[in-house]
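**Student:** Below is the structure I would like to discuss, written out as structure tokens.
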Amino acid sequence: MKASEAGVHIADAAISAMSGMTSQPNLNSIVAALAHTERDTCLNFEALNRCSDYWETVRTYYAPFDEAPKSGTAEVYIHEMPGGQYTNLKAQAEAMGLGGRWPEVARMYADVNFAFGDIVKVTPSSKVVGDLALYLLSHGMTVQELENLPPDHQLTLPNSIVDMFMGSLGQPEGGWPPKLQAAILRGKKPQTGRPGETLPPADLNKPGYTKTDLLSFLMYPQVYESFAAARERYGELEVLPTPAFFYGLEQRQEVTVELEPGKTLIIRLLTVGDPHPDGMRTVFFELNGQPREVEVRDRSIKEAVAAKRKADPAKLGDVSAPIPGAVTLLHVSAGEKVNKGDRLLVLEAMKMQTTIYAPVSGTIKEVCVKPRDAVEARDLLLLIE
């Protein structure tokens, strides 16, 4: 409202059901407050309220994913997180076992931000600040301890941090803090100039891709490939009603699925059989009135998993997981020779990717994990002899 009085041309707001907390201010309230004044928005107040009623219902479907604070907070003046990152980082902290230490996460975020030079925090630079804050907290380290590490240290930092200090996102005014950059890059020489100049050329008319698919792939190749694999396996899942997609159907519940104009499926869940020894269940349902059955895996049934071995910190050849996460990519196999610094595998924890490098030269004696395995910190990943 004060910006309006000062003559602002554009203000960013959100429909009332989606406003406040980490989102933008309430558009409906602003429209009502400016009505019949010189700055009347001329927006239809009744239409905005009907729109808000719709999104209020939709928002309930996503309630389990909503990490926004339940009340106002002034801690943003400490950590300066963008609103869109706040909820993502809370979920990331929960996944890494740091959910109960959120005040420490917020304080560490502030420390990392100022160590970086109080940078502009937007996607993806804000994510890098969050990644390092979680990494340091999970390792019991401070920013100062990271800065004082020698260039030949063996810490495995998340890829996003190394990429940013290499210059992949450009350089801030005055460059990166030299001491911190030396510790993060471990002797590597950063690139200079505009990052786009070194990117390989992209085919913007790649056959078989829609424009949306192609742009998604160019910006987020790994995320897009996971999405495309799910779509290839299960089909166009966006045709499903949102509650049915997230929570499934209740017994005897019926939903309609419109595949395309004039082509609609009517699905009614009848019952779900008892679990089989292999963890599968038989689901009985009707499809357009015809009885059907299908075997599906019940993911709530946990298979017995042998406890993973822990790495011996006294043995250089014991390669351990620096953080909890999932193995997404293996670069080596048993019997392969590696040199110190070679890539071994990639771990991912809630969009934070970490490449694990060989701490010593030698031969891969054993690979103790496989892709999609979940690991905890200090779990044994590989043995190098």
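All residue names refer to the structure tokens as shown: chains lettered A, B, ... in order, residues numbered from 1 in each chain, ligands numbered from 1 in order.
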Give me, as a list in words, all polymer residues having an atom no more than 6 Å from region 159-171 of chain A, counting only C-alpha atoms and skipping those fewer than 2 positions away in the same chain.

**Tutor:**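 So, after excluding close chain neighbours, the residues are Val128, Gly175, Pro190, Gln191, Pro195, Gln353 and Thr354 of chain A.
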
**Student:** If DSSP is run on the backbone, what residues of region 189-267 of chain A are helix (DSSP H, G or I)? A reply as a ChimeraX atom specification would be ideal.

**Tutor:** /A:195-198,211-219,221-234,237-239,242-247

**Student:** Run DSSP on the backbone and give me the residues of region 196-339 of chain A it puts in strand (DSSP E), as a PyMOL selection string.

**Tutor:** chain A and resi 254-260+263-272+280-287+290-297+318-320+325-330+337-338

**Student:** Store the residues picked out above, limited to C-alpha atoms, as a CSV table (one decimal), in the first residue's frame.

**Tutor:**
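again.csv was written with the following content:
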chain,number,residue,atom,x,y,z
A,254,GLU,CA,-15.5,-44.2,-8.5
A,255,VAL,CA,-13.6,-41.6,-10.6
A,256,THR,CA,-13.7,-40.5,-14.2
A,257,VAL,CA,-10.6,-40.0,-16.3
A,258,GLU,CA,-10.8,-38.0,-19.5
A,259,LEU,CA,-8.0,-39.3,-21.8
A,260,GLU,CA,-9.0,-36.9,-24.6
A,263,LYS,CA,-12.8,-40.6,-24.6
A,264,THR,CA,-13.5,-41.1,-20.8
A,265,LEU,CA,-12.7,-44.0,-18.5
A,266,ILE,CA,-14.9,-44.7,-15.5
A,267,ILE,CA,-12.9,-46.5,-12.8
A,268,ARG,CA,-14.3,-48.0,-9.6
A,269,LEU,CA,-12.2,-49.7,-7.0
A,270,LEU,CA,-13.8,-52.9,-5.7
A,271,THR,CA,-11.3,-54.4,-3.2
A,272,VAL,CA,-7.7,-55.0,-2.6
A,280,MET,CA,2.4,-58.0,-4.3
A,281,ARG,CA,-1.3,-57.5,-3.9
A,282,THR,CA,-4.2,-58.2,-6.3
A,283,VAL,CA,-6.3,-55.1,-6.9
A,284,PHE,CA,-9.9,-55.8,-8.2
A,285,PHE,CA,-11.7,-52.9,-10.0
A,286,GLU,CA,-14.2,-52.1,-12.7
A,287,LEU,CA,-13.2,-50.3,-15.9
A,290,GLN,CA,-16.2,-54.5,-16.8
A,291,PRO,CA,-14.4,-56.4,-14.0
A,292,ARG,CA,-10.6,-56.2,-14.1
A,293,GLU,CA,-7.7,-57.2,-11.8
A,294,VAL,CA,-4.0,-56.3,-11.7
A,295,GLU,CA,-1.0,-57.2,-9.5
A,296,VAL,CA,0.7,-54.2,-7.8
A,297,ARG,CA,3.5,-53.9,-5.3
A,318,ASP,CA,37.2,-47.3,2.3
A,319,VAL,CA,35.0,-44.9,0.4
A,320,SER,CA,32.1,-43.7,2.5
A,325,GLY,CA,21.0,-40.0,0.1
A,326,ALA,CA,20.4,-42.4,-2.8
A,327,VAL,CA,22.9,-43.7,-5.3
A,328,THR,CA,21.9,-42.3,-8.7
A,329,LEU,CA,24.9,-43.2,-10.9
A,330,LEU,CA,27.9,-45.5,-10.8
A,337,LYS,CA,41.7,-49.3,-12.1
A,338,VAL,CA,41.2,-45.7,-10.9

**Student:** Return the single residue from A:Leu180, A:Leu136, A:Ala68, A:Ala14 that is closest to Lys90 (chain A), with distances computed using only C-alpha atoms.

**Tutor:**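 Closest candidate: A:Ala68.
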
**Student:** For Thr73 (chain A), work out the shell of residues within 12 Å, counting only C-alpha atoms and skipping chain neighbours fewer than 6 positions away, then give it as a ChimeraX atom specification.

**Tutor:** /A:20-22,79,83

**Student:** Ranking A:Val239, A:Tyr247, A:His331, A:Lys127 by minimum distance to Pro261 (chain A) and counting only C-alpha atoms, which one comes first?

**Tutor:**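 Going through A:Val239, A:Tyr247, A:His331, A:Lys127 one by one, the smallest distance to Pro261 (chain A) is for A:Val239.
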
**Student:** Given only C-alpha atoms as the basis, pick out the residue of A:Ala33, A:Val58, A:Ala374, A:Pro359 nearest to Asp152 (chain A).

**Tutor:**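 Closest residue, counting only C-alpha atoms: A:Pro359.
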
**Student:** Report, in Å with one decimal, the straight-line distance from CA of Trp55 (chain A) to CA of Ser226 (chain A).

**Tutor:**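 The value is 28.2 Å.
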
**Student:** List the neighbours of Asn44 (chain A) out to 10 Å using only C-alpha atoms; skip same-chain residues closer than 3 positions along the sequence, and give me the result as a PDB file with C-alpha atoms, in the first residue's frame.

**Tutor:**
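As a result, around_26.pdb now contains:
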ATOM      1  CA  ASN A  28      -7.836  -9.784  -3.124  1.00  0.00           C
ATOM      2  CA  VAL A  31      -7.846  -4.857  -4.803  1.00  0.00           C
ATOM      3  CA  ALA A  32     -10.471  -4.196  -2.107  1.00  0.00           C
ATOM      4  CA  THR A  41      -7.006  -1.718 -10.013  1.00  0.00           C
ATOM      5  CA  ALA A  47     -14.175 -13.045  -9.732  1.00  0.00           C
ATOM      6  CA  LEU A  48     -11.009 -12.987  -7.612  1.00  0.00           C
ATOM      7  CA  ASN A  49     -12.918 -14.439  -4.655  1.00  0.00           C
TER       8      ASN A  49
END

**Student:** Out of A:Leu347, A:Leu316, A:Leu204, A:Lys179, which residue has the shortest atom-to-atom distance to Leu218 (chain A) when counting only C-alpha atoms?

**Tutor:**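 Ranked by minimum distance to Leu218 (chain A), first place goes to A:Leu204.
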
**Student:** State, in Å with one decimal place, the distance from CA of Lys308 (chain A) to CA of Asp379 (chain A).

**Tutor:**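 Taking CA of Lys308 (chain A) as the start and CA of Asp379 (chain A) as the end point, the length is 6.3 Å.
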